[in-house]
file protein_25.cif (mmCIF, C-alpha atoms)
data_entry
loop_
_atom_site.label_atom_id
_atom_site.label_comp_id
_atom_site.auth_asym_id
_atom_site.auth_seq_id
_atom_site.Cartn_x
_atom_site.Cartn_y
_atom_site.Cartn_z
CA MET A 1 5.34 25.81 -5.72
CA LYS A 2 7.93 25.76 -2.97
CA LEU A 3 9.15 22.72 -1.03
CA ALA A 4 10.99 23.16 2.27
CA ILE A 5 12.96 20.14 3.49
CA ILE A 6 13.61 20.47 7.22
CA GLY A 7 16.56 18.28 8.09
CA GLY A 8 18.07 19.10 4.70
CA GLY A 9 21.54 17.94 5.74
CA GLY A 10 20.27 14.44 6.50
CA PHE A 11 21.84 11.40 4.88
CA ARG A 12 18.68 10.35 3.03
CA VAL A 13 17.92 13.74 1.45
CA PRO A 14 19.57 12.70 -1.86
CA LEU A 15 16.84 10.05 -2.17
CA ILE A 16 14.25 12.84 -2.14
CA TYR A 17 16.21 14.95 -4.61
CA GLY A 18 16.64 11.98 -6.95
CA ALA A 19 12.87 11.47 -6.97
CA LEU A 20 12.32 15.20 -7.51
CA LEU A 21 14.60 15.13 -10.55
CA GLU A 22 12.23 12.59 -12.09
CA LYS A 23 8.92 14.17 -11.09
CA ARG A 24 9.80 17.92 -10.85
CA PRO A 25 6.60 18.94 -9.00
CA PHE A 26 8.27 21.97 -7.40
CA ASP A 27 9.93 25.05 -8.87
CA GLU A 28 11.70 26.00 -5.63
CA VAL A 29 13.42 23.65 -3.17
CA VAL A 30 15.01 24.88 0.05
CA LEU A 31 17.07 22.66 2.34
CA HIS A 32 17.20 23.69 6.00
CA ASP A 33 19.47 22.28 8.67
CA VAL A 34 21.00 23.53 11.91
CA ASP A 35 24.42 22.22 10.77
CA PRO A 36 25.86 24.19 7.82
CA GLY A 37 28.61 21.61 7.31
CA ARG A 38 26.10 18.81 6.76
CA LEU A 39 24.13 21.04 4.40
CA ALA A 40 27.22 21.76 2.33
CA ARG A 41 28.11 18.06 2.14
CA ILE A 42 24.63 17.03 0.98
CA ALA A 43 24.62 19.89 -1.55
CA GLN A 44 27.75 18.32 -3.11
CA VAL A 45 25.88 15.04 -3.50
CA LEU A 46 22.85 16.76 -5.04
CA ASP A 47 25.08 18.56 -7.52
CA GLY A 48 26.57 15.20 -8.45
CA GLN A 49 23.11 13.70 -8.92
CA ALA A 50 22.05 16.59 -11.14
CA ALA A 51 25.17 16.16 -13.30
CA GLU A 52 24.44 12.45 -13.73
CA HIS A 53 20.82 13.20 -14.59
CA GLY A 54 21.70 15.82 -17.19
CA HIS A 55 19.77 18.69 -15.62
CA LYS A 56 19.49 20.36 -12.23
CA LEU A 57 16.39 21.12 -10.20
CA PRO A 58 17.44 24.38 -8.53
CA PHE A 59 17.84 24.24 -4.77
CA ARG A 60 19.37 26.37 -2.08
CA THR A 61 20.42 25.80 1.52
CA THR A 62 19.79 27.84 4.66
CA THR A 63 20.13 27.65 8.44
CA ASP A 64 17.28 30.16 8.85
CA LEU A 65 14.10 28.18 9.54
CA ASP A 66 11.66 31.01 8.82
CA ASP A 67 13.41 31.67 5.49
CA ALA A 68 13.03 28.01 4.58
CA LEU A 69 9.35 27.90 5.52
CA GLU A 70 8.18 31.25 4.11
CA GLY A 71 5.44 30.64 1.54
CA ALA A 72 6.08 26.89 1.20
CA GLY A 73 3.32 24.75 -0.28
CA PHE A 74 4.76 21.58 1.22
CA VAL A 75 7.11 21.00 4.13
CA PHE A 76 8.98 17.69 4.45
CA THR A 77 10.34 17.06 7.94
CA ALA A 78 13.08 14.51 8.57
CA ILE A 79 15.02 15.63 11.61
CA ARG A 80 16.86 13.74 14.34
CA VAL A 81 17.00 15.77 17.55
CA GLY A 82 20.24 14.77 19.24
CA GLY A 83 21.69 13.26 16.07
CA LEU A 84 22.93 9.72 15.74
CA GLU A 85 24.75 10.25 19.03
CA GLY A 86 21.31 10.46 20.64
CA ARG A 87 20.17 7.34 18.81
CA THR A 88 23.06 5.32 20.22
CA ILE A 89 21.88 6.30 23.71
CA ASP A 90 18.22 5.59 22.87
CA GLU A 91 19.22 2.07 21.87
CA GLY A 92 22.10 1.43 24.25
CA VAL A 93 20.51 2.24 27.63
CA PRO A 94 17.71 -0.39 27.40
CA LEU A 95 20.20 -3.02 26.25
CA ASP A 96 22.16 -2.41 29.45
CA HIS A 97 19.05 -3.71 31.24
CA GLY A 98 18.37 -6.61 28.88
CA VAL A 99 15.53 -4.74 27.13
CA LEU A 100 15.14 -4.14 23.39
CA GLY A 101 17.17 -1.19 22.14
CA GLN A 102 15.70 -0.06 18.81
CA GLU A 103 15.17 3.34 17.22
CA THR A 104 11.35 3.42 17.08
CA THR A 105 10.13 0.37 19.01
CA GLY A 106 10.14 0.11 22.80
CA PRO A 107 12.10 2.43 25.11
CA GLY A 108 14.27 3.77 22.27
CA GLY A 109 11.23 5.11 20.44
CA ILE A 110 9.87 6.64 23.64
CA CYS A 111 13.13 8.45 24.40
CA PHE A 112 13.43 9.62 20.78
CA ALA A 113 9.88 11.06 20.99
CA LEU A 114 10.61 12.76 24.33
CA ARG A 115 13.41 14.69 22.59
CA ALA A 116 11.74 15.23 19.22
CA THR A 117 8.23 16.28 20.25
CA PRO A 118 9.00 19.74 21.70
CA THR A 119 11.15 20.62 18.68
CA MET A 120 8.50 19.40 16.24
CA LEU A 121 5.75 21.33 18.03
CA ASP A 122 7.85 24.49 17.77
CA LEU A 123 8.29 23.76 14.06
CA ALA A 124 4.52 23.35 13.66
CA GLU A 125 3.94 26.75 15.25
CA ARG A 126 6.47 28.29 12.86
CA VAL A 127 4.67 26.65 9.92
CA THR A 128 1.37 28.23 10.98
CA ARG A 129 3.03 31.67 10.84
CA SER A 130 5.27 31.35 7.76
CA ALA A 131 3.38 28.84 5.59
CA PRO A 132 -0.22 28.63 6.87
CA ASP A 133 -1.47 26.86 3.74
CA ALA A 134 1.33 24.27 3.65
CA TRP A 135 0.92 20.52 3.97
CA LEU A 136 3.47 19.10 6.38
CA VAL A 137 4.62 15.62 5.39
CA ASN A 138 6.37 14.06 8.36
CA PHE A 139 9.16 11.48 8.12
CA THR A 140 10.55 12.21 11.60
CA ASN A 141 10.45 9.13 13.80
CA PRO A 142 8.61 7.80 15.65
CA ALA A 143 6.41 8.87 12.74
CA GLY A 144 2.97 8.06 14.16
CA MET A 145 3.65 9.55 17.57
CA VAL A 146 5.25 12.69 16.17
CA THR A 147 2.41 13.14 13.67
CA GLU A 148 -0.18 12.91 16.46
CA ALA A 149 1.68 15.65 18.33
CA LEU A 150 1.90 17.80 15.18
CA GLN A 151 -1.83 17.48 14.57
CA GLN A 152 -2.45 19.25 17.87
CA VAL A 153 -1.22 22.38 16.04
CA LEU A 154 -1.74 21.70 12.33
CA GLY A 155 -4.74 19.37 12.32
CA ASP A 156 -5.17 17.26 9.20
CA ARG A 157 -2.51 19.27 7.34
CA ALA A 158 0.11 17.14 9.15
CA ILE A 159 0.48 13.76 7.45
CA GLY A 160 2.83 10.99 8.55
CA ILE A 161 4.41 8.64 6.05
CA CYS A 162 6.33 5.37 6.24
CA ASP A 163 7.42 3.08 3.44
CA THR A 164 7.21 -0.25 5.28
CA PRO A 165 3.47 -0.90 4.63
CA SER A 166 3.73 -0.22 0.89
CA ALA A 167 6.89 -2.34 0.66
CA LEU A 168 5.06 -5.19 2.39
CA CYS A 169 2.16 -4.85 -0.06
CA ARG A 170 4.53 -4.92 -3.04
CA ARG A 171 6.19 -8.10 -1.79
CA VAL A 172 2.86 -9.83 -1.22
CA ALA A 173 1.68 -8.76 -4.69
CA ALA A 174 4.85 -10.23 -6.22
CA ALA A 175 4.25 -13.50 -4.35
CA LEU A 176 0.78 -13.58 -5.93
CA ASN A 177 2.26 -12.76 -9.37
CA GLN A 178 0.11 -9.65 -9.54
CA PRO A 179 0.99 -5.98 -10.07
CA PRO A 180 0.16 -4.12 -6.83
CA GLU A 181 -2.01 -1.56 -8.61
CA ARG A 182 -4.49 -4.34 -9.44
CA LEU A 183 -4.96 -5.31 -5.80
CA ASP A 184 -6.69 -3.78 -2.76
CA PHE A 185 -4.78 -4.15 0.51
CA ASP A 186 -6.57 -4.32 3.86
CA TYR A 187 -3.88 -2.97 6.17
CA PHE A 188 -4.41 -1.55 9.66
CA GLY A 189 -2.56 -0.53 12.80
CA LEU A 190 -0.16 2.11 14.07
CA ASN A 191 3.19 3.10 12.63
CA HIS A 192 5.58 0.11 12.85
CA LEU A 193 2.72 -1.88 14.42
CA GLY A 194 0.45 -3.01 11.61
CA TRP A 195 -0.94 -6.09 9.90
CA LEU A 196 -2.07 -6.95 6.37
CA LYS A 197 -5.30 -8.88 6.84
CA GLY A 198 -6.54 -9.14 3.27
CA VAL A 199 -5.47 -8.80 -0.37
CA ARG A 200 -8.33 -8.55 -2.82
CA ASP A 201 -8.73 -8.75 -6.57
CA ALA A 202 -11.81 -9.34 -8.70
CA THR A 203 -12.07 -12.94 -7.44
CA GLY A 204 -11.98 -12.10 -3.73
CA ASP A 205 -9.42 -12.26 -0.92
CA ARG A 206 -6.20 -13.92 -2.12
CA LEU A 207 -4.36 -13.91 1.22
CA PRO A 208 -5.71 -17.25 2.54
CA GLU A 209 -4.63 -18.91 -0.70
CA LEU A 210 -1.15 -17.39 -0.40
CA LEU A 211 -0.67 -18.46 3.22
CA ALA A 212 -2.00 -21.97 2.56
CA GLY A 213 0.81 -22.61 0.09
CA ALA A 214 4.55 -22.21 0.52
CA PRO A 215 4.97 -18.45 0.11
CA ASP A 216 8.46 -17.13 -0.54
CA PHE A 217 8.60 -13.46 0.42
CA GLU A 218 10.44 -11.52 3.08
CA GLU A 219 7.86 -11.66 5.87
CA ALA A 220 7.30 -15.41 5.36
CA ARG A 221 11.03 -15.92 5.93
CA LEU A 222 11.16 -13.47 8.83
CA PHE A 223 8.16 -14.76 10.80
CA GLY A 224 7.82 -18.28 9.43
CA THR A 225 4.85 -19.46 7.39
CA GLU A 226 3.40 -21.39 10.32
CA TRP A 227 3.13 -18.21 12.39
CA LEU A 228 1.56 -16.29 9.49
CA ARG A 229 -1.05 -19.05 9.14
CA SER A 230 -1.75 -18.90 12.88
CA LEU A 231 -2.33 -15.15 12.65
CA GLY A 232 -4.20 -15.34 9.35
CA MET A 233 -2.42 -12.09 8.51
CA VAL A 234 1.01 -10.76 7.49
CA PRO A 235 2.58 -8.52 10.15
CA ASN A 236 4.69 -5.46 9.48
CA GLU A 237 8.34 -6.45 9.85
CA TYR A 238 8.69 -4.33 13.01
CA LEU A 239 6.35 -6.70 14.83
CA SER A 240 9.25 -9.15 14.87
CA TYR A 241 10.51 -7.10 17.84
CA PHE A 242 7.36 -8.15 19.71
CA TYR A 243 6.99 -11.72 18.46
CA PHE A 244 10.71 -12.56 18.81
CA ALA A 245 11.83 -10.01 21.40
CA ASP A 246 14.35 -12.19 23.21
CA GLN A 247 16.09 -13.13 19.98
CA ALA A 248 16.22 -9.50 18.83
CA VAL A 249 17.84 -8.43 22.12
CA ALA A 250 20.39 -11.24 21.87
CA ASN A 251 21.19 -10.43 18.25
CA LEU A 252 21.73 -6.73 18.94
CA GLY A 253 24.75 -7.55 21.11
CA GLU A 254 26.80 -4.69 22.47
CA LYS A 255 26.77 -2.43 19.39
CA PRO A 256 23.25 -1.41 18.32
CA ARG A 257 22.54 -0.03 14.86
CA GLY A 258 22.79 3.63 15.87
CA ALA A 259 26.44 3.19 16.88
CA TYR A 260 27.19 1.45 13.58
CA LEU A 261 25.54 4.23 11.54
CA LEU A 262 27.29 6.94 13.54
CA GLU A 263 30.66 5.45 12.72
CA GLN A 264 29.76 4.78 9.10
CA GLN A 265 28.30 8.21 8.34
CA HIS A 266 31.06 10.09 10.13
CA GLY A 267 33.43 9.07 7.34
CA PHE A 268 31.02 10.26 4.68
CA TYR A 269 30.37 13.70 6.22
CA ALA A 270 34.06 14.21 7.03
CA ALA A 271 35.09 13.82 3.36
CA SER A 272 34.08 17.36 2.42
CA GLU A 273 36.86 18.02 -0.14
CA GLU A 274 35.44 15.71 -2.80
CA THR A 275 34.10 16.78 -6.18
CA PRO A 276 30.33 16.43 -6.73
CA HIS A 277 30.98 13.25 -8.76
CA GLU A 278 33.10 11.78 -5.97
CA ALA A 279 30.58 12.88 -3.35
CA VAL A 280 27.63 11.14 -4.99
CA GLN A 281 29.69 7.96 -5.48
CA HIS A 282 30.77 8.04 -1.83
CA TRP A 283 27.19 8.64 -0.69
CA ARG A 284 25.89 5.78 -2.82
CA ALA A 285 28.48 3.32 -1.49
CA THR A 286 27.68 4.35 2.09
CA LYS A 287 23.96 3.97 1.46
CA ASP A 288 24.38 0.51 -0.08
CA GLU A 289 26.34 -0.67 2.95
CA ARG A 290 23.68 0.81 5.24
CA ASP A 291 20.88 -0.93 3.34
CA ARG A 292 22.56 -4.32 3.55
CA THR A 293 22.45 -4.21 7.35
CA TYR A 294 18.88 -2.89 7.70
CA MET A 295 17.07 -4.73 10.56
CA ALA A 296 19.81 -7.36 10.62
CA GLU A 297 19.16 -8.03 14.30
CA ALA A 298 15.58 -9.05 13.53
CA ARG A 299 16.51 -11.23 10.56
CA ASN A 300 19.36 -13.12 12.20
CA GLY A 301 18.22 -16.70 12.67
CA HIS A 302 15.09 -16.36 10.54
CA ASP A 303 16.66 -17.10 7.16
CA GLY A 304 15.86 -13.57 6.08
CA HIS A 305 17.88 -10.99 4.21
CA SER A 306 17.76 -7.25 3.93
CA HIS A 307 15.42 -6.09 1.21
CA ALA A 308 16.08 -2.36 1.45
CA ASP A 309 18.64 -2.36 -1.33
CA ASP A 310 16.67 -4.25 -3.98
CA GLU A 311 13.21 -2.71 -3.91
CA PRO A 312 11.83 0.33 -5.73
CA GLY A 313 10.72 3.47 -3.97
CA GLY A 314 11.07 4.29 -0.32
CA TYR A 315 9.80 7.05 1.89
CA GLU A 316 10.71 9.60 -0.79
CA ALA A 317 8.38 7.85 -3.25
CA GLU A 318 5.63 7.79 -0.62
CA ALA A 319 6.04 11.53 0.00
CA LEU A 320 5.87 12.43 -3.69
CA ALA A 321 2.86 10.16 -4.17
CA VAL A 322 1.07 12.21 -1.49
CA VAL A 323 2.13 15.47 -3.18
CA GLU A 324 0.82 14.24 -6.53
CA ALA A 325 -2.48 13.00 -5.06
CA ILE A 326 -3.15 16.34 -3.35
CA THR A 327 -1.99 18.72 -6.08
CA GLN A 328 -3.60 16.76 -8.92
CA ASP A 329 -6.64 15.57 -6.96
CA THR A 330 -6.09 11.99 -8.11
CA GLY A 331 -8.00 10.16 -5.39
CA ALA A 332 -5.14 7.70 -4.97
CA VAL A 333 -5.26 5.24 -2.08
CA ARG A 334 -2.13 5.38 0.11
CA ILE A 335 -1.34 3.90 3.52
CA LEU A 336 -0.65 6.93 5.73
CA ASN A 337 -0.48 8.08 9.33
CA VAL A 338 -3.57 10.23 9.84
CA ALA A 339 -6.25 11.03 12.43
CA ASN A 340 -8.40 7.94 12.90
CA ARG A 341 -11.86 9.50 12.47
CA SER A 342 -13.70 6.15 12.49
CA ALA A 343 -11.28 3.88 10.61
CA LEU A 344 -10.54 1.84 13.74
CA PRO A 345 -13.78 2.14 15.74
CA PHE A 346 -12.19 1.13 19.06
CA LEU A 347 -9.96 4.25 19.02
CA ASP A 348 -11.11 7.87 19.31
CA GLU A 349 -11.28 10.14 16.28
CA HIS A 350 -8.03 12.02 17.03
CA ALA A 351 -5.80 8.97 17.49
CA VAL A 352 -3.26 8.84 14.65
CA VAL A 353 -3.40 5.44 12.94
CA GLU A 354 -1.73 3.89 9.90
CA VAL A 355 -4.42 2.84 7.43
CA PRO A 356 -5.30 3.13 3.74
CA CYS A 357 -6.53 6.61 2.86
CA PHE A 358 -8.28 8.17 -0.11
CA VAL A 359 -6.09 11.17 -1.00
CA GLY A 360 -7.29 14.14 -3.03
CA ARG A 361 -7.19 17.91 -3.02
CA ALA A 362 -8.67 18.05 0.48
CA GLY A 363 -5.96 15.76 1.81
CA PRO A 364 -6.20 12.19 3.09
CA ARG A 365 -9.46 10.59 4.23
CA PRO A 366 -8.99 7.33 6.17
CA LEU A 367 -10.96 4.34 4.98
CA ALA A 368 -12.88 2.03 7.32
CA VAL A 369 -10.86 -1.02 8.30
CA GLY A 370 -13.59 -3.40 9.47
CA PRO A 371 -13.22 -6.08 12.15
CA VAL A 372 -9.82 -6.44 13.82
CA PRO A 373 -8.66 -9.59 15.65
CA ASP A 374 -8.74 -9.23 19.44
CA HIS A 375 -4.98 -9.73 19.94
CA ALA A 376 -4.15 -6.98 17.43
CA ARG A 377 -6.73 -4.64 18.95
CA ALA A 378 -5.30 -5.20 22.44
CA LEU A 379 -1.74 -4.44 21.31
CA ILE A 380 -2.83 -1.34 19.36
CA GLU A 381 -4.76 0.01 22.36
CA THR A 382 -1.80 -0.63 24.67
CA ILE A 383 0.73 1.08 22.40
CA LYS A 384 -1.61 4.01 21.76
CA GLY A 385 -1.76 4.51 25.52
CA VAL A 386 2.05 4.45 25.62
CA GLU A 387 2.23 6.99 22.79
CA ARG A 388 -0.15 9.41 24.48
CA ALA A 389 1.63 9.19 27.81
CA THR A 390 4.88 9.89 25.95
CA ILE A 391 3.48 12.94 24.14
CA GLU A 392 2.09 14.35 27.39
CA ALA A 393 5.39 13.70 29.17
CA ALA A 394 7.30 15.45 26.38
CA THR A 395 5.07 18.52 26.48
CA THR A 396 4.91 18.83 30.29
CA GLY A 397 8.35 17.63 31.34
CA SER A 398 6.77 15.12 33.73
CA THR A 399 9.13 12.41 34.95
CA ALA A 400 6.18 10.43 36.32
CA LEU A 401 4.54 10.33 32.88
CA ALA A 402 7.80 9.40 31.15
CA VAL A 403 8.29 6.47 33.53
CA LYS A 404 4.62 5.54 33.09
CA ALA A 405 5.02 5.44 29.30
CA LEU A 406 8.05 3.17 29.63
CA ALA A 407 6.43 0.90 32.22
CA LEU A 408 3.24 0.46 30.15
CA HIS A 409 5.18 -0.73 27.12
CA PRO A 410 4.87 -4.51 26.66
CA LEU A 411 8.62 -4.87 25.97
CA VAL A 412 9.59 -3.34 29.35
CA PRO A 413 9.36 -6.07 32.00
CA SER A 414 8.64 -4.01 35.13
CA VAL A 415 8.15 -0.58 36.68
CA ASP A 416 11.60 -0.90 38.25
CA ALA A 417 13.11 -1.52 34.81
CA ALA A 418 11.28 1.54 33.47
CA ARG A 419 12.67 3.69 36.28
CA ALA A 420 16.20 2.40 35.73
CA ILE A 421 16.01 2.98 31.96
CA PHE A 422 14.72 6.53 32.37
CA ALA A 423 17.42 7.27 34.93
CA GLY A 424 19.99 6.03 32.41
CA TYR A 425 18.57 8.29 29.72
CA ARG A 426 18.66 11.33 32.00
CA GLU A 427 22.23 10.59 33.01
CA ARG A 428 23.49 10.31 29.44
CA LEU A 429 21.35 12.97 27.74
CA PRO A 430 21.93 16.45 29.23
CA ALA A 431 19.01 17.97 27.30
CA LEU A 432 16.65 15.35 28.73
CA GLU A 433 18.01 15.88 32.22
CA GLU A 434 17.37 19.61 31.85
CA ARG A 435 13.81 19.19 30.57
CA PHE A 436 12.86 16.60 33.20
CA ALA A 437 14.61 18.29 36.12
#

call {"tool": "encode", "arguments": {"input": "protein_25.cif", "output": "structure tokens"}}
result
Amino acid sequence: MKLAIIGGGGFRVPLIYGALLEKRPFDEVVLHDVDPGRLARIAQVLDGQAAEHGHKLPFRTTTDLDDALEGAGFVFTAIRVGGLEGRTIDEGVPLDHGVLGQETTGPGGICFALRATPTMLDLAERVTRSAPDAWLVNFTNPAGMVTEALQQVLGDRAIGICDTPSALCRRVAAALNQPPERLDFDYFGLNHLGWLKGVRDATGDRLPELLAGAPDFEEARLFGTEWLRSLGMVPNEYLSYFYFADQAVANLGEKPRGAYLLEQQHGFYAASEETPHEAVQHWRATKDERDRTYMAEARNGHDGHSHADDEPGGYEAEALAVVEAITQDTGAVRILNVANRSALPFLDEHAVVEVPCFVGRAGPRPLAVGPVPDHARALIETIKGVERATIEAATTGSTALAVKALALHPLVPSVDAARAIFAGYRERLPALEERFA
């Protein structure tokens, strides 16, 4: 079975290859990227990983998209249209107006989706021609919004993944001194906008007991136990940008994370003369530094610390869990971004949501969520409206819809602010200016 990784020169591709070396579910792996230099650099790292592991899972690289896709059983997509340079603009323009600048949440996520959606829709059309039976597993952010756009072409064969819900569930399980596989997690929402409302074992829901005590896990430090008790739930860490928006804006300062990563990764990609052993060591050191600063702007002042560097798995583990569940028909339950069907009854069937799914040979089937608190429902409905206005703006090139999407977002204070932010994006992003002429 063939795996095509679109965005194969991306910095996190070695995480996927490392997981593949352990699982080996594919006999052909093809890395595609539009930048041959980035592909060559990542290939050095993968060669170094294979040497450390003692055997190599064969892979090849290509800049020909149809070649990469031809006959693939699975397609992993992790692309960044506009590169990290684009991310710095996504995040920097709103900050100029005192509004949150973050990759997936708020105006930054909207601008990212405006650029990414047309490219991803073109990719989906190419998949239908070159790999009509493939499952497309999407990592490209904003994952929920992009997956909803992809499903317009690929239907249920487009699946969005994110590792933040499963990481949250693992931390809560550890706080309960239970292995996560022995617990059922009632999680619901949209990508980067979800809540854990129940954790059940044979005795019933353990979450009230956990919150009544003095829990010591990442989200308790990030949000504060008092706020978790008020909600009666544990929010996804990205909800800190809503609950503590003013602090996040202040903590971001003048250099948002995209600018930091651009500077950091430039050094890694520029060092192309290294041996495979040196390349994998350099990549690992760069990754460790990156992990230590993950969501630092949200954690500052909340007695939190980055957890990205000390937890198992990641989005690569989530992707391979989906592959295993489909190919082996395991019936595993995974939290995924899929068409709603009736999981959240207040949304229509085509709305992409992030909920637990039963996953087997026929793909993921979302499980019913049950009652949702009014405040969470209201925020989900609002953000879903923002997402759909963004997708329509991206596909039509409508400035009015792009401004509408920005203005409807709860983190944008006014229509005038939305207009000013979009004008800033158009000024600094030539491709956006061209599309929204």

call {"tool": "atom_distance", "arguments": {"input": "protein_25.cif", "atom1": "atom CA of Thr63 of chain A", "atom2": "atom CA of Ile6 of chain A"}}
result
9.8 Å

call {"tool": "closest_residue", "arguments": {"input": "protein_25.cif", "among": "A:Arg361, A:His97, A:Arg257, A:His350", "to": "Gly424 of chain A", "atoms": "all atoms listed in the file"}}
result
A:His97

call {"tool": "closest_residue", "arguments": {"input": "protein_25.cif", "among": "A:Ile326, A:Val93, A:Leu190, A:Cys162", "to": "Ala423 of chain A", "atoms": "only C-alpha atoms"}}
result
A:Val93

call {"tool": "resolve_selection", "arguments": {"input": "protein_25.cif", "expression": "the PyMOL selection byres ((chain A and resi 71) around 8)", "output": "count of residues only"}}
result
8

call {"tool": "atom_distance", "arguments": {"input": "protein_25.cif", "atom1": "atom CA of Arg60 of chain A", "atom2": "atom CA of Glu289 of chain A"}}
result
28.4 Å

call {"tool": "resolve_selection", "arguments": {"input": "protein_25.cif", "expression": "the PyMOL selection byres ((chain A and resi 270-286) around 12)", "output": "PyMOL selection string"}}
result
chain A and resi 10-15+18+36-53+260-269+287-293+309

call {"tool": "atom_distance", "arguments": {"input": "protein_25.cif", "atom1": "atom CA of Glu434 of chain A", "atom2": "atom CA of Val81 of chain A"}}
result
14.8 Å

call {"tool": "resolve_selection", "arguments": {"input": "protein_25.cif", "expression": "the PyMOL selection byres ((chain A and resi 410) around 10)", "output": "PyMOL selection string"}}
result
chain A and resi 106+242+379+382-383+386+406-409+411-414

call {"tool": "write_last_selection", "arguments": {"input": "protein_25.cif", "atoms": "C-alpha atoms", "output": "PDB file, in the frame of the given file"}}
result
ATOM      1  CA  GLY A 106      10.140   0.110  22.800  1.00  0.00           C
ATOM      2  CA  PHE A 242       7.360  -8.150  19.710  1.00  0.00           C
ATOM      3  CA  LEU A 379      -1.740  -4.440  21.310  1.00  0.00           C
ATOM      4  CA  THR A 382      -1.800  -0.630  24.670  1.00  0.00           C
ATOM      5  CA  ILE A 383       0.730   1.080  22.400  1.00  0.00           C
ATOM      6  CA  VAL A 386       2.050   4.450  25.620  1.00  0.00           C
ATOM      7  CA  LEU A 406       8.050   3.170  29.630  1.00  0.00           C
ATOM      8  CA  ALA A 407       6.430   0.900  32.220  1.00  0.00           C
ATOM      9  CA  LEU A 408       3.240   0.460  30.150  1.00  0.00           C
ATOM     10  CA  HIS A 409       5.180  -0.730  27.120  1.00  0.00           C
ATOM     11  CA  LEU A 411       8.620  -4.870  25.970  1.00  0.00           C
ATOM     12  CA  VAL A 412       9.590  -3.340  29.350  1.00  0.00           C
ATOM     13  CA  PRO A 413       9.360  -6.070  32.000  1.00  0.00           C
ATOM     14  CA  SER A 414       8.640  -4.010  35.130  1.00  0.00           C
TER      15      SER A 414
END

call {"tool": "closest_residue", "arguments": {"input": "protein_25.cif", "among": "A:Lys56, A:His32, A:Arg115, A:Arg129", "to": "Tyr17 of chain A", "atoms": "only C-alpha atoms"}}
result
A:Lys56

call {"tool": "residues_around", "arguments": {"input": "protein_25.cif", "residues": "Lys384 of chain A", "least_positions_apart": "2", "cutoff": "10 Å", "atoms": "all atoms listed in the file", "output": "list in words"}}
result
Gly144, Met145, Leu190, Leu347, Ala351, Val352, Val353, Ala378, Leu379, Ile380, Glu381, Thr382, Val386, Glu387, Arg388, Ala389, Thr390 and His409 of chain A

call {"tool": "closest_residue", "arguments": {"input": "protein_25.cif", "among": "A:Lys404, A:Arg157, A:Arg334, A:Lys197", "to": "Pro356 of chain A", "atoms": "all atoms listed in the file"}}
result
A:Arg334

call {"tool": "closest_residue", "arguments": {"input": "protein_25.cif", "among": "A:Leu57, A:Ala402, A:Ala220, A:Ala339", "to": "Leu154 of chain A", "atoms": "only C-alpha atoms"}}
result
A:Ala339

call {"tool": "residues_near_point", "arguments": {"input": "protein_25.cif", "point": "(7.5, -0.8, 14.5)", "cutoff": "10 Å", "atoms": "only C-alpha atoms", "output": "PyMOL selection string"}}
result
chain A and resi 102-106+109+142-144+164+190-194+236-242
